[in-house]
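Visitor: Structure incoming, see below.
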Amino acid sequence: MLILKNVTKSFGGIIATNDVSMKLKPGSINAIIGPNGAGKTTLFNLITGKIKNDAGQIFIEDKNITGLSELQITHLGVARAFQITNIFPSFSVKESITAAILAKNHGLNNIWKRFKDHPAQEESKNIAAITGLDEVFNIQSDELSHGDQKLLDIALALAMKPQVLLLDEPTAGMGSEERWKMINRVKDLWKKTNMTLVFIEHDMDIVFNVAQKIYVLHQGEILAEGSPKSIKNNQNVIDAYLGGGQKKNEST
Amino acid sequence: MNVSIKDSFKKDAIYSVVSWIALLSLYFIFNDHGIQDIITKVAILGLFAMSLNILIGYLGLIAFGHATFFAAGAYTLGLFLQSDFIIEYNIGSWSIPIALSLSVLLPGILATIVGVICIRLREIYFSFLTLAFQMIFYSLILALVGITGGDQGLMGGFPKPPFLGIDLGIHFHFYAFTTFIVILAVFLMRQIIESPFGYGLRMIRDNHERPAALGFNIRSHQLLAFIIAGSLAGLAGSLQALLDVGAYPEWAFWSKSAEPLFMILLGGMQTFLGPLLGALIFELLNDFVSANTRYYGLILGLVILIFVLGFKKGLLDWIVIRGRKN
Ligand SMILES: Nc1ncnc2c1ncn2[C@@H]1O[C@H](COP(=O)(O)OP(=O)(O)O)[C@@H](O)[C@H]1O
Ligand SMILES: [Mg+2]
């Protein structure tokens, strides 16, 4: 279980995260929505220890992870994929996933083995298969399509065998059809494991269809939270997004 | 699985032995001290350049101060062989092996100290910080006249007592020994570069932001790479000191750090042996051009321009990429 208690973070004058509390059920699939600049990515950065919060606390199970480093938190079972694809351009898919598996197991310190003959190469095949990258297994990352690069980013996170997986806009930069393909794949992944999954997404249709619980973020604050149904009927949300059309531009 | 691990290791071991035998044959084919010495020098400079390329080609950090460790190795060897220590403790025939070991160890310790500070930074800040350490080291060599001989360098030579039947005073012995040590070091480097550790370096080069989110501590990885590169540069420096029977402050000057950079540019940084080929081109230019004209710098500059603008990469990189296309 991932718990946030009154987490706050500001950058200079901007309050990016304002008194945010969350409780994510183990094995649940959750979505965060909100306009650009609402503080969604910042929230992921805070959970993963990439940046430190000014106030509040973060827990995994009973363990207080507030103030731990990104490295430590990764080893405690929190993994993420990034909004802007964050991969290793000169590595093939196979090499990338193998390297990620080794990273997780402290295997990159080994000087005596050969990377190309490492047993982790075999394991990487499984991760490529469940992310749908088996057909491009030997292709260099920077030659992959945008969608496959996004999948590779997720595959790297999966190599961490995480308890909690955070996906920052997995469908960013995709057309409608491709979006659905991607999100269905994500949902499949989630079903096959017992991960707690959180994804950030702009497309309301997708969010309402896929997520069990939705958090609506607005100027760093949680405007509403709950099941898709309750969010659809929430007056604050309707005012801010659903009914009022393009009001969201004002908030950035 | 185990079989293939041994296979690629074995293959490189066989290449190494074959290369050594080939170099020994060259000694007799070119029965000429001039050419033989060029091969020795290329081996030493190639090792120096390859050690720097661990940082540049694989880690993606451009170190401007690599000659610090080359000079540290050279002075370590020279000072040890000159010291009374050898006579007092009657080390005799062990003095060269011990001197060489120290010439890897002490530059490695120096690289630890310099590395801890420098690898906190990236890009141009890293580069300039390594340069700053080099200038401090150079100044120390000049200032400590009593030990280093200041701007004159280590004077008076040093003994090279035979060990295990190897007498470095004999020209062929020196040639065979130096090429052996260099090939051994290159073999080790190959193992490191092809190991999971070596791929960790490439990860950092490709993307230094992502590793933390994969639980990969890049700080200690970078430091270890810096220490390995420094130790191997120290070894190259100590072989140079053995060859010249001395050590000189110019070896710690910034222009000495530029030499392996040129070699990497000439030979290629993406291919394992690129810098070695670069060292050969560099040395040939050096020997033939400076023998015939005073415009060495001009010619070197033009050749580098041709490589950078014409091939857009080092020679071996260019060849390998062309080979792949065909
Ligand atoms: N590292 C940072 N330094 C300064 N300001 C930042 C930083 N990261 C985010 N911000 C600011 O915090 C706010 C929230 O950003 P972000 O979390 O990226 O929003 P979202 O992901 O919801 O689009 C924005 O105003 C952004 O400019
Ligand atoms: Mg964002």
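Chains: A, B, ... in order of the structure tokens. Residues: from 1 per chain. Ligands: from 1, in order shown.
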For Phe163 (chain B), work out the shell of residues within 7 Å, counting only C-alpha atoms and skipping chain neighbours fewer than 2 positions away, then give it as a list in words.

Guide: Ser93, Trp94, Pro161, Gly165, Ile166 and Asp167 of chain B

Visitor: Could you dump the residues just selected with N, CA, C and O atoms as a compact mmCIF listing (two decimals), in the first residue's frame?

Guide:
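After the write, selection_30.txt holds the following:
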# COMPACT_ATOMS: atom_id res chain seq x y z
N SER B 93 66.37 -8.16 -7.90
CA SER B 93 65.71 -8.57 -9.13
C SER B 93 64.19 -8.35 -9.09
O SER B 93 63.54 -8.41 -10.12
N TRP B 94 63.65 -8.07 -7.90
CA TRP B 94 62.21 -7.82 -7.85
C TRP B 94 61.87 -6.35 -8.08
O TRP B 94 60.69 -5.97 -8.10
N PRO B 161 67.46 -3.77 -13.09
CA PRO B 161 68.00 -5.11 -12.82
C PRO B 161 67.15 -6.21 -13.47
O PRO B 161 65.93 -6.11 -13.48
N GLY B 165 64.76 -13.76 -15.78
CA GLY B 165 65.44 -13.96 -17.07
C GLY B 165 65.21 -12.85 -18.07
O GLY B 165 65.62 -12.96 -19.22
N ILE B 166 64.51 -11.79 -17.63
CA ILE B 166 64.25 -10.67 -18.54
C ILE B 166 65.22 -9.53 -18.20
O ILE B 166 65.24 -9.05 -17.07
N ASP B 167 65.99 -9.13 -19.20
CA ASP B 167 66.91 -8.02 -19.00
C ASP B 167 66.48 -6.87 -19.90
O ASP B 167 66.70 -6.90 -21.12

Visitor: For chain A against ligand 1, with a cut-off of 12 Å and counting only C-alpha atoms and all ligand atoms, what is the closest atom pair and its distance in Å to one decimal for every residue that makes the cut, ordered by chain and number, as JSON lines?

Guide:
{"residue": "A:Thr8", "atom": "CA", "partner": "ligand 1", "partner_atom_place_in_ligand_line": "12 (O)", "distance": 11.6}
{"residue": "A:Lys9", "atom": "CA", "partner": "ligand 1", "partner_atom_place_in_ligand_line": "12 (O)", "distance": 8.8}
{"residue": "A:Ser10", "atom": "CA", "partner": "ligand 1", "partner_atom_place_in_ligand_line": "12 (O)", "distance": 7.4}
{"residue": "A:Phe11", "atom": "CA", "partner": "ligand 1", "partner_atom_place_in_ligand_line": "4 (C)", "distance": 4.9}
{"residue": "A:Gly12", "atom": "CA", "partner": "ligand 1", "partner_atom_place_in_ligand_line": "4 (C)", "distance": 7.3}
{"residue": "A:Gly13", "atom": "CA", "partner": "ligand 1", "partner_atom_place_in_ligand_line": "5 (N)", "distance": 9.1}
{"residue": "A:Ile14", "atom": "CA", "partner": "ligand 1", "partner_atom_place_in_ligand_line": "25 (O)", "distance": 6.3}
{"residue": "A:Ile15", "atom": "CA", "partner": "ligand 1", "partner_atom_place_in_ligand_line": "12 (O)", "distance": 7.0}
{"residue": "A:Ala16", "atom": "CA", "partner": "ligand 1", "partner_atom_place_in_ligand_line": "12 (O)", "distance": 4.4}
{"residue": "A:Thr17", "atom": "CA", "partner": "ligand 1", "partner_atom_place_in_ligand_line": "14 (C)", "distance": 7.6}
{"residue": "A:Asn18", "atom": "CA", "partner": "ligand 1", "partner_atom_place_in_ligand_line": "14 (C)", "distance": 10.7}
{"residue": "A:Ile32", "atom": "CA", "partner": "ligand 1", "partner_atom_place_in_ligand_line": "22 (O)", "distance": 9.1}
{"residue": "A:Ile33", "atom": "CA", "partner": "ligand 1", "partner_atom_place_in_ligand_line": "22 (O)", "distance": 8.1}
{"residue": "A:Gly34", "atom": "CA", "partner": "ligand 1", "partner_atom_place_in_ligand_line": "22 (O)", "distance": 6.3}
{"residue": "A:Pro35", "atom": "CA", "partner": "ligand 1", "partner_atom_place_in_ligand_line": "22 (O)", "distance": 6.1}
{"residue": "A:Asn36", "atom": "CA", "partner": "ligand 1", "partner_atom_place_in_ligand_line": "23 (O)", "distance": 3.6}
{"residue": "A:Gly37", "atom": "CA", "partner": "ligand 1", "partner_atom_place_in_ligand_line": "19 (O)", "distance": 3.4}
{"residue": "A:Ala38", "atom": "CA", "partner": "ligand 1", "partner_atom_place_in_ligand_line": "22 (O)", "distance": 3.8}
{"residue": "A:Gly39", "atom": "CA", "partner": "ligand 1", "partner_atom_place_in_ligand_line": "17 (O)", "distance": 3.2}
{"residue": "A:Lys40", "atom": "CA", "partner": "ligand 1", "partner_atom_place_in_ligand_line": "22 (O)", "distance": 3.7}
{"residue": "A:Thr41", "atom": "CA", "partner": "ligand 1", "partner_atom_place_in_ligand_line": "21 (O)", "distance": 3.6}
{"residue": "A:Thr42", "atom": "CA", "partner": "ligand 1", "partner_atom_place_in_ligand_line": "17 (O)", "distance": 3.6}
{"residue": "A:Leu43", "atom": "CA", "partner": "ligand 1", "partner_atom_place_in_ligand_line": "17 (O)", "distance": 6.4}
{"residue": "A:Phe44", "atom": "CA", "partner": "ligand 1", "partner_atom_place_in_ligand_line": "17 (O)", "distance": 8.1}
{"residue": "A:Asn45", "atom": "CA", "partner": "ligand 1", "partner_atom_place_in_ligand_line": "17 (O)", "distance": 8.1}
{"residue": "A:Leu46", "atom": "CA", "partner": "ligand 1", "partner_atom_place_in_ligand_line": "17 (O)", "distance": 9.7}
{"residue": "A:Lys50", "atom": "CA", "partner": "ligand 1", "partner_atom_place_in_ligand_line": "1 (N)", "distance": 9.7}
{"residue": "A:Ile51", "atom": "CA", "partner": "ligand 1", "partner_atom_place_in_ligand_line": "1 (N)", "distance": 8.0}
{"residue": "A:Lys52", "atom": "CA", "partner": "ligand 1", "partner_atom_place_in_ligand_line": "1 (N)", "distance": 10.6}
{"residue": "A:Asn53", "atom": "CA", "partner": "ligand 1", "partner_atom_place_in_ligand_line": "1 (N)", "distance": 11.9}
{"residue": "A:Phe82", "atom": "CA", "partner": "ligand 1", "partner_atom_place_in_ligand_line": "21 (O)", "distance": 10.4}
{"residue": "A:Gln83", "atom": "CA", "partner": "ligand 1", "partner_atom_place_in_ligand_line": "21 (O)", "distance": 8.2}
{"residue": "A:Ile84", "atom": "CA", "partner": "ligand 1", "partner_atom_place_in_ligand_line": "21 (O)", "distance": 10.7}
{"residue": "A:Leu167", "atom": "CA", "partner": "ligand 1", "partner_atom_place_in_ligand_line": "21 (O)", "distance": 11.5}
{"residue": "A:Asp168", "atom": "CA", "partner": "ligand 1", "partner_atom_place_in_ligand_line": "21 (O)", "distance": 8.1}
{"residue": "A:Glu169", "atom": "CA", "partner": "ligand 1", "partner_atom_place_in_ligand_line": "21 (O)", "distance": 8.9}
{"residue": "A:Ala172", "atom": "CA", "partner": "ligand 1", "partner_atom_place_in_ligand_line": "21 (O)", "distance": 11.7}
{"residue": "A:Phe199", "atom": "CA", "partner": "ligand 1", "partner_atom_place_in_ligand_line": "21 (O)", "distance": 11.5}
{"residue": "A:Ile200", "atom": "CA", "partner": "ligand 1", "partner_atom_place_in_ligand_line": "21 (O)", "distance": 8.4}
{"residue": "A:Glu201", "atom": "CA", "partner": "ligand 1", "partner_atom_place_in_ligand_line": "22 (O)", "distance": 10.0}
{"residue": "A:His202", "atom": "CA", "partner": "ligand 1", "partner_atom_place_in_ligand_line": "22 (O)", "distance": 10.1}
{"residue": "A:Val216", "atom": "CA", "partner": "ligand 1", "partner_atom_place_in_ligand_line": "22 (O)", "distance": 10.4}
{"residue": "A:Leu217", "atom": "CA", "partner": "ligand 1", "partner_atom_place_in_ligand_line": "22 (O)", "distance": 7.7}
{"residue": "A:His218", "atom": "CA", "partner": "ligand 1", "partner_atom_place_in_ligand_line": "22 (O)", "distance": 8.3}
{"residue": "A:Gln219", "atom": "CA", "partner": "ligand 1", "partner_atom_place_in_ligand_line": "14 (C)", "distance": 7.7}
{"residue": "A:Gly220", "atom": "CA", "partner": "ligand 1", "partner_atom_place_in_ligand_line": "14 (C)", "distance": 7.1}
{"residue": "A:Glu221", "atom": "CA", "partner": "ligand 1", "partner_atom_place_in_ligand_line": "22 (O)", "distance": 10.7}
{"residue": "A:Ile222", "atom": "CA", "partner": "ligand 1", "partner_atom_place_in_ligand_line": "22 (O)", "distance": 11.8}
{"residue": "A:Lys248", "atom": "CA", "partner": "ligand 1", "partner_atom_place_in_ligand_line": "22 (O)", "distance": 11.5}
{"residue": "A:Asn249", "atom": "CA", "partner": "ligand 1", "partner_atom_place_in_ligand_line": "23 (O)", "distance": 11.7}
{"residue": "A:Ser251", "atom": "CA", "partner": "ligand 1", "partner_atom_place_in_ligand_line": "25 (O)", "distance": 9.4}
{"residue": "A:Thr252", "atom": "CA", "partner": "ligand 1", "partner_atom_place_in_ligand_line": "25 (O)", "distance": 6.9}

Visitor: Residues of chain B were defined as contacting chain A if any atom lay at most 6 Å from it, counting only C-alpha atoms; please report them as a list of chain:residue names.

Guide: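 Output check: B:Ile5, B:Ile192, B:Glu194, B:Ser195, B:Pro196, B:Phe197, B:Gly200, B:Asp206, B:Asn207, B:Ala212, B:Ala213, B:Gly215, B:Phe216.
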
Visitor: Residues within 6 Å of region 38-45 of chain B, please, as a ChimeraX atom specification. Count only C-alpha atoms; anything in the same chain fewer than 6 positions from it doesn't count.

Guide: /B:236,279-280

Visitor: Write a file of the just-selected residues containing all heavy atoms, as an mmCIF file, in the first residue's frame.

Guide:
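Contents of again.cif, as written:
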data_model
loop_
_atom_site.group_PDB
_atom_site.id
_atom_site.type_symbol
_atom_site.label_atom_id
_atom_site.label_comp_id
_atom_site.auth_asym_id
_atom_site.auth_seq_id
_atom_site.Cartn_x
_atom_site.Cartn_y
_atom_site.Cartn_z
ATOM 1 N N ALA B 236 50.982 3.007 -18.412
ATOM 2 C CA ALA B 236 51.557 3.512 -19.665
ATOM 3 C C ALA B 236 52.707 4.467 -19.362
ATOM 4 O O ALA B 236 53.786 4.381 -19.980
ATOM 5 C CB ALA B 236 50.475 4.214 -20.490
ATOM 6 N N ALA B 279 46.874 6.074 -32.111
ATOM 7 C CA ALA B 279 48.243 6.236 -31.609
ATOM 8 C C ALA B 279 49.248 5.954 -32.724
ATOM 9 O O ALA B 279 50.279 6.637 -32.840
ATOM 10 C CB ALA B 279 48.482 5.296 -30.424
ATOM 11 N N LEU B 280 48.951 4.975 -33.554
ATOM 12 C CA LEU B 280 49.847 4.652 -34.677
ATOM 13 C C LEU B 280 49.910 5.823 -35.664
ATOM 14 O O LEU B 280 51.008 6.265 -36.045
ATOM 15 C CB LEU B 280 49.352 3.385 -35.391
ATOM 16 C CG LEU B 280 50.131 2.981 -36.646
ATOM 17 C CD1 LEU B 280 51.566 2.593 -36.288
ATOM 18 C CD2 LEU B 280 49.440 1.829 -37.372
#

Visitor: Please give the complete set of residues from region 19-237 of chain A that DSSP, run on the backbone, assigns to alpha helix (DSSP H), formatted as a ChimeraX atom specification.

Guide: /A:40-47,70-75,93-104,120-130,146-158,176-192,204-210,228-232,235-237

Visitor: As a PDB file with N, CA and C atoms, in the first residue's frame, please: every residue in region 11-238 of chain A that a backbone DSSP assignment puts in strand (DSSP E).

Guide:
ATOM      1  N   PHE A  11       8.116  25.231  -5.577  1.00  0.00           N
ATOM      2  CA  PHE A  11       9.316  25.681  -6.297  1.00  0.00           C
ATOM      3  C   PHE A  11       9.278  27.196  -6.279  1.00  0.00           C
ATOM      4  N   ILE A  14       5.888  28.972  -6.657  1.00  0.00           N
ATOM      5  CA  ILE A  14       4.830  28.076  -7.155  1.00  0.00           C
ATOM      6  C   ILE A  14       4.634  26.899  -6.216  1.00  0.00           C
ATOM      7  N   ILE A  15       3.401  26.714  -5.743  1.00  0.00           N
ATOM      8  CA  ILE A  15       3.116  25.518  -4.957  1.00  0.00           C
ATOM      9  C   ILE A  15       2.708  24.425  -5.934  1.00  0.00           C
ATOM     10  N   ALA A  16       3.611  23.482  -6.187  1.00  0.00           N
ATOM     11  CA  ALA A  16       3.355  22.446  -7.198  1.00  0.00           C
ATOM     12  C   ALA A  16       2.513  21.323  -6.614  1.00  0.00           C
ATOM     13  N   THR A  17       2.709  21.077  -5.329  1.00  0.00           N
ATOM     14  CA  THR A  17       1.939  20.029  -4.646  1.00  0.00           C
ATOM     15  C   THR A  17       1.475  20.616  -3.319  1.00  0.00           C
ATOM     16  N   ASN A  18       0.162  20.626  -3.117  1.00  0.00           N
ATOM     17  CA  ASN A  18      -0.367  21.340  -1.967  1.00  0.00           C
ATOM     18  C   ASN A  18      -1.189  20.400  -1.081  1.00  0.00           C
ATOM     19  N   ASP A  19      -0.561  19.942   0.006  1.00  0.00           N
ATOM     20  CA  ASP A  19      -1.285  19.171   1.018  1.00  0.00           C
ATOM     21  C   ASP A  19      -2.014  17.960   0.422  1.00  0.00           C
ATOM     22  N   VAL A  20      -1.271  17.190  -0.355  1.00  0.00           N
ATOM     23  CA  VAL A  20      -1.878  16.038  -1.033  1.00  0.00           C
ATOM     24  C   VAL A  20      -1.828  14.788  -0.151  1.00  0.00           C
ATOM     25  N   SER A  21      -2.959  14.138   0.030  1.00  0.00           N
ATOM     26  CA  SER A  21      -3.021  12.858   0.733  1.00  0.00           C
ATOM     27  C   SER A  21      -3.644  11.810  -0.178  1.00  0.00           C
ATOM     28  N   MET A  22      -3.059  10.627  -0.169  1.00  0.00           N
ATOM     29  CA  MET A  22      -3.576   9.540  -1.013  1.00  0.00           C
ATOM     30  C   MET A  22      -3.418   8.229  -0.278  1.00  0.00           C
ATOM     31  N   LYS A  23      -4.288   7.277  -0.626  1.00  0.00           N
ATOM     32  CA  LYS A  23      -4.158   5.930  -0.093  1.00  0.00           C
ATOM     33  C   LYS A  23      -4.443   4.990  -1.241  1.00  0.00           C
ATOM     34  N   LEU A  24      -3.419   4.330  -1.758  1.00  0.00           N
ATOM     35  CA  LEU A  24      -3.622   3.470  -2.922  1.00  0.00           C
ATOM     36  C   LEU A  24      -3.688   2.027  -2.480  1.00  0.00           C
ATOM     37  N   ILE A  29      -5.683  -0.276  -9.710  1.00  0.00           N
ATOM     38  CA  ILE A  29      -5.253   0.532 -10.852  1.00  0.00           C
ATOM     39  C   ILE A  29      -5.893   1.905 -10.720  1.00  0.00           C
ATOM     40  N   ASN A  30      -5.046   2.928 -10.721  1.00  0.00           N
ATOM     41  CA  ASN A  30      -5.491   4.282 -10.396  1.00  0.00           C
ATOM     42  C   ASN A  30      -5.036   5.271 -11.462  1.00  0.00           C
ATOM     43  N   ALA A  31      -5.821   6.319 -11.636  1.00  0.00           N
ATOM     44  CA  ALA A  31      -5.441   7.339 -12.607  1.00  0.00           C
ATOM     45  C   ALA A  31      -5.353   8.700 -11.942  1.00  0.00           C
ATOM     46  N   ILE A  32      -4.428   9.506 -12.451  1.00  0.00           N
ATOM     47  CA  ILE A  32      -4.371  10.904 -12.029  1.00  0.00           C
ATOM     48  C   ILE A  32      -4.658  11.747 -13.262  1.00  0.00           C
ATOM     49  N   ILE A  33      -5.602  12.649 -13.144  1.00  0.00           N
ATOM     50  CA  ILE A  33      -5.866  13.560 -14.258  1.00  0.00           C
ATOM     51  C   ILE A  33      -5.721  14.987 -13.763  1.00  0.00           C
ATOM     52  N   ALA A  55       6.972  19.222   3.127  1.00  0.00           N
ATOM     53  CA  ALA A  55       6.223  18.796   4.310  1.00  0.00           C
ATOM     54  C   ALA A  55       5.419  17.545   3.970  1.00  0.00           C
ATOM     55  N   GLY A  56       4.983  16.850   4.997  1.00  0.00           N
ATOM     56  CA  GLY A  56       4.189  15.639   4.804  1.00  0.00           C
ATOM     57  C   GLY A  56       5.057  14.392   4.795  1.00  0.00           C
ATOM     58  N   GLN A  57       4.392  13.239   4.652  1.00  0.00           N
ATOM     59  CA  GLN A  57       5.093  11.960   4.722  1.00  0.00           C
ATOM     60  C   GLN A  57       4.597  10.990   3.665  1.00  0.00           C
ATOM     61  N   ILE A  58       5.485  10.092   3.272  1.00  0.00           N
ATOM     62  CA  ILE A  58       5.122   9.069   2.280  1.00  0.00           C
ATOM     63  C   ILE A  58       5.496   7.696   2.835  1.00  0.00           C
ATOM     64  N   PHE A  59       4.578   6.743   2.706  1.00  0.00           N
ATOM     65  CA  PHE A  59       4.804   5.391   3.227  1.00  0.00           C
ATOM     66  C   PHE A  59       4.607   4.344   2.147  1.00  0.00           C
ATOM     67  N   ILE A  60       5.422   3.277   2.200  1.00  0.00           N
ATOM     68  CA  ILE A  60       5.090   2.059   1.459  1.00  0.00           C
ATOM     69  C   ILE A  60       4.866   0.999   2.517  1.00  0.00           C
ATOM     70  N   LYS A  63       6.418   1.312   5.992  1.00  0.00           N
ATOM     71  CA  LYS A  63       7.740   1.936   5.982  1.00  0.00           C
ATOM     72  C   LYS A  63       7.658   3.390   5.535  1.00  0.00           C
ATOM     73  N   ASN A  64       8.203   4.248   6.359  1.00  0.00           N
ATOM     74  CA  ASN A  64       8.250   5.662   6.026  1.00  0.00           C
ATOM     75  C   ASN A  64       9.408   5.900   5.055  1.00  0.00           C
ATOM     76  N   VAL A  78       9.370   0.678  -5.881  1.00  0.00           N
ATOM     77  CA  VAL A  78       8.617   1.673  -6.640  1.00  0.00           C
ATOM     78  C   VAL A  78       9.351   1.920  -7.955  1.00  0.00           C
ATOM     79  N   ALA A  79       8.693   1.708  -9.077  1.00  0.00           N
ATOM     80  CA  ALA A  79       9.325   1.954 -10.366  1.00  0.00           C
ATOM     81  C   ALA A  79       8.446   2.877 -11.182  1.00  0.00           C
ATOM     82  N   ARG A  80       9.047   3.500 -12.192  1.00  0.00           N
ATOM     83  CA  ARG A  80       8.266   4.452 -12.978  1.00  0.00           C
ATOM     84  C   ARG A  80       8.708   4.479 -14.430  1.00  0.00           C
ATOM     85  N   ALA A  81       7.793   4.920 -15.283  1.00  0.00           N
ATOM     86  CA  ALA A  81       8.143   5.292 -16.652  1.00  0.00           C
ATOM     87  C   ALA A  81       7.862   6.781 -16.781  1.00  0.00           C
ATOM     88  N   VAL A 164       4.868  -1.094  -6.810  1.00  0.00           N
ATOM     89  CA  VAL A 164       4.113   0.081  -7.243  1.00  0.00           C
ATOM     90  C   VAL A 164       4.715   0.560  -8.556  1.00  0.00           C
ATOM     91  N   LEU A 165       3.861   0.689  -9.571  1.00  0.00           N
ATOM     92  CA  LEU A 165       4.350   1.150 -10.875  1.00  0.00           C
ATOM     93  C   LEU A 165       3.658   2.459 -11.226  1.00  0.00           C
ATOM     94  N   LEU A 166       4.476   3.475 -11.518  1.00  0.00           N
ATOM     95  CA  LEU A 166       3.949   4.797 -11.843  1.00  0.00           C
ATOM     96  C   LEU A 166       4.207   5.089 -13.312  1.00  0.00           C
ATOM     97  N   LEU A 167       3.151   5.323 -14.085  1.00  0.00           N
ATOM     98  CA  LEU A 167       3.320   5.592 -15.515  1.00  0.00           C
ATOM     99  C   LEU A 167       2.874   7.022 -15.808  1.00  0.00           C
ATOM    100  N   ASP A 168       3.830   7.824 -16.247  1.00  0.00           N
ATOM    101  CA  ASP A 168       3.545   9.233 -16.503  1.00  0.00           C
ATOM    102  C   ASP A 168       3.166   9.408 -17.977  1.00  0.00           C
ATOM    103  N   THR A 196       0.469  -2.404  -7.749  1.00  0.00           N
ATOM    104  CA  THR A 196      -0.378  -1.233  -7.620  1.00  0.00           C
ATOM    105  C   THR A 196       0.039  -0.311  -8.749  1.00  0.00           C
ATOM    106  N   LEU A 197      -0.909   0.070  -9.581  1.00  0.00           N
ATOM    107  CA  LEU A 197      -0.538   0.864 -10.747  1.00  0.00           C
ATOM    108  C   LEU A 197      -1.179   2.247 -10.698  1.00  0.00           C
ATOM    109  N   VAL A 198      -0.389   3.258 -11.007  1.00  0.00           N
ATOM    110  CA  VAL A 198      -0.914   4.617 -11.108  1.00  0.00           C
ATOM    111  C   VAL A 198      -0.497   5.167 -12.463  1.00  0.00           C
ATOM    112  N   PHE A 199      -1.454   5.663 -13.232  1.00  0.00           N
ATOM    113  CA  PHE A 199      -1.068   6.296 -14.490  1.00  0.00           C
ATOM    114  C   PHE A 199      -1.665   7.682 -14.618  1.00  0.00           C
ATOM    115  N   ILE A 200      -0.913   8.514 -15.305  1.00  0.00           N
ATOM    116  CA  ILE A 200      -1.371   9.879 -15.566  1.00  0.00           C
ATOM    117  C   ILE A 200      -1.909   9.889 -16.987  1.00  0.00           C
ATOM    118  N   LYS A 213      -9.878   3.873  -9.494  1.00  0.00           N
ATOM    119  CA  LYS A 213      -9.979   5.087  -8.689  1.00  0.00           C
ATOM    120  C   LYS A 213      -9.294   6.224  -9.432  1.00  0.00           C
ATOM    121  N   ILE A 214      -9.882   7.401  -9.347  1.00  0.00           N
ATOM    122  CA  ILE A 214      -9.354   8.558 -10.071  1.00  0.00           C
ATOM    123  C   ILE A 214      -9.064   9.696  -9.092  1.00  0.00           C
ATOM    124  N   TYR A 215      -7.919  10.331  -9.295  1.00  0.00           N
ATOM    125  CA  TYR A 215      -7.599  11.542  -8.543  1.00  0.00           C
ATOM    126  C   TYR A 215      -7.581  12.705  -9.526  1.00  0.00           C
ATOM    127  N   VAL A 216      -8.313  13.747  -9.214  1.00  0.00           N
ATOM    128  CA  VAL A 216      -8.285  14.935 -10.077  1.00  0.00           C
ATOM    129  C   VAL A 216      -7.408  15.975  -9.400  1.00  0.00           C
ATOM    130  N   LEU A 217      -6.341  16.341 -10.102  1.00  0.00           N
ATOM    131  CA  LEU A 217      -5.385  17.286  -9.527  1.00  0.00           C
ATOM    132  C   LEU A 217      -5.594  18.649 -10.173  1.00  0.00           C
ATOM    133  N   HIS A 218      -5.573  19.692  -9.343  1.00  0.00           N
ATOM    134  CA  HIS A 218      -5.798  21.031  -9.870  1.00  0.00           C
ATOM    135  C   HIS A 218      -4.919  21.992  -9.076  1.00  0.00           C
ATOM    136  N   GLU A 221      -3.490  20.716  -5.932  1.00  0.00           N
ATOM    137  CA  GLU A 221      -4.373  20.171  -4.899  1.00  0.00           C
ATOM    138  C   GLU A 221      -5.253  19.067  -5.466  1.00  0.00           C
ATOM    139  N   ILE A 222      -5.689  18.177  -4.577  1.00  0.00           N
ATOM    140  CA  ILE A 222      -6.659  17.182  -5.026  1.00  0.00           C
ATOM    141  C   ILE A 222      -8.046  17.801  -4.986  1.00  0.00           C
ATOM    142  N   LEU A 223      -8.597  17.941  -6.216  1.00  0.00           N
ATOM    143  CA  LEU A 223      -9.896  18.577  -6.356  1.00  0.00           C
ATOM    144  C   LEU A 223     -11.003  17.567  -6.044  1.00  0.00           C
ATOM    145  N   ALA A 224     -10.749  16.321  -6.459  1.00  0.00           N
ATOM    146  CA  ALA A 224     -11.737  15.264  -6.224  1.00  0.00           C
ATOM    147  C   ALA A 224     -11.050  13.924  -6.310  1.00  0.00           C
ATOM    148  N   GLU A 225     -11.610  12.914  -5.648  1.00  0.00           N
ATOM    149  CA  GLU A 225     -11.100  11.563  -5.776  1.00  0.00           C
ATOM    150  C   GLU A 225     -12.242  10.578  -5.631  1.00  0.00           C
ATOM    151  N   GLY A 226     -12.109   9.420  -6.291  1.00  0.00           N
ATOM    152  CA  GLY A 226     -13.152   8.416  -6.146  1.00  0.00           C
ATOM    153  C   GLY A 226     -13.290   7.549  -7.379  1.00  0.00           C
TER     154      GLY A 226
END

Visitor: Measure the distance from CA of Ser141 (chain A) to CA of Val93 (chain A) in Å and round it to one decimal.

Guide: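 Going from CA of Ser141 (chain A) over to CA of Val93 (chain A) covers 6.0 Å.
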
Visitor: Hey, what's within 12 Å of Lys181 (chain A) if we count only C-alpha atoms and toss same-chain stuff fewer than 2 positions away? As a PyMOL selection string, please?

Guide: chain A and resi 131-132+147-148+151+170-171+174-179+183-188+206

Visitor: Using only C-alpha atoms, pick whichever of A:Met182, A:Leu189, A:Leu4, A:Ile231 has the shortest atom-to-atom distance to Met204 (chain A).

Guide: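 Once distances to Met204 (chain A) are computed over only C-alpha atoms, the minimum belongs to A:Ile231.
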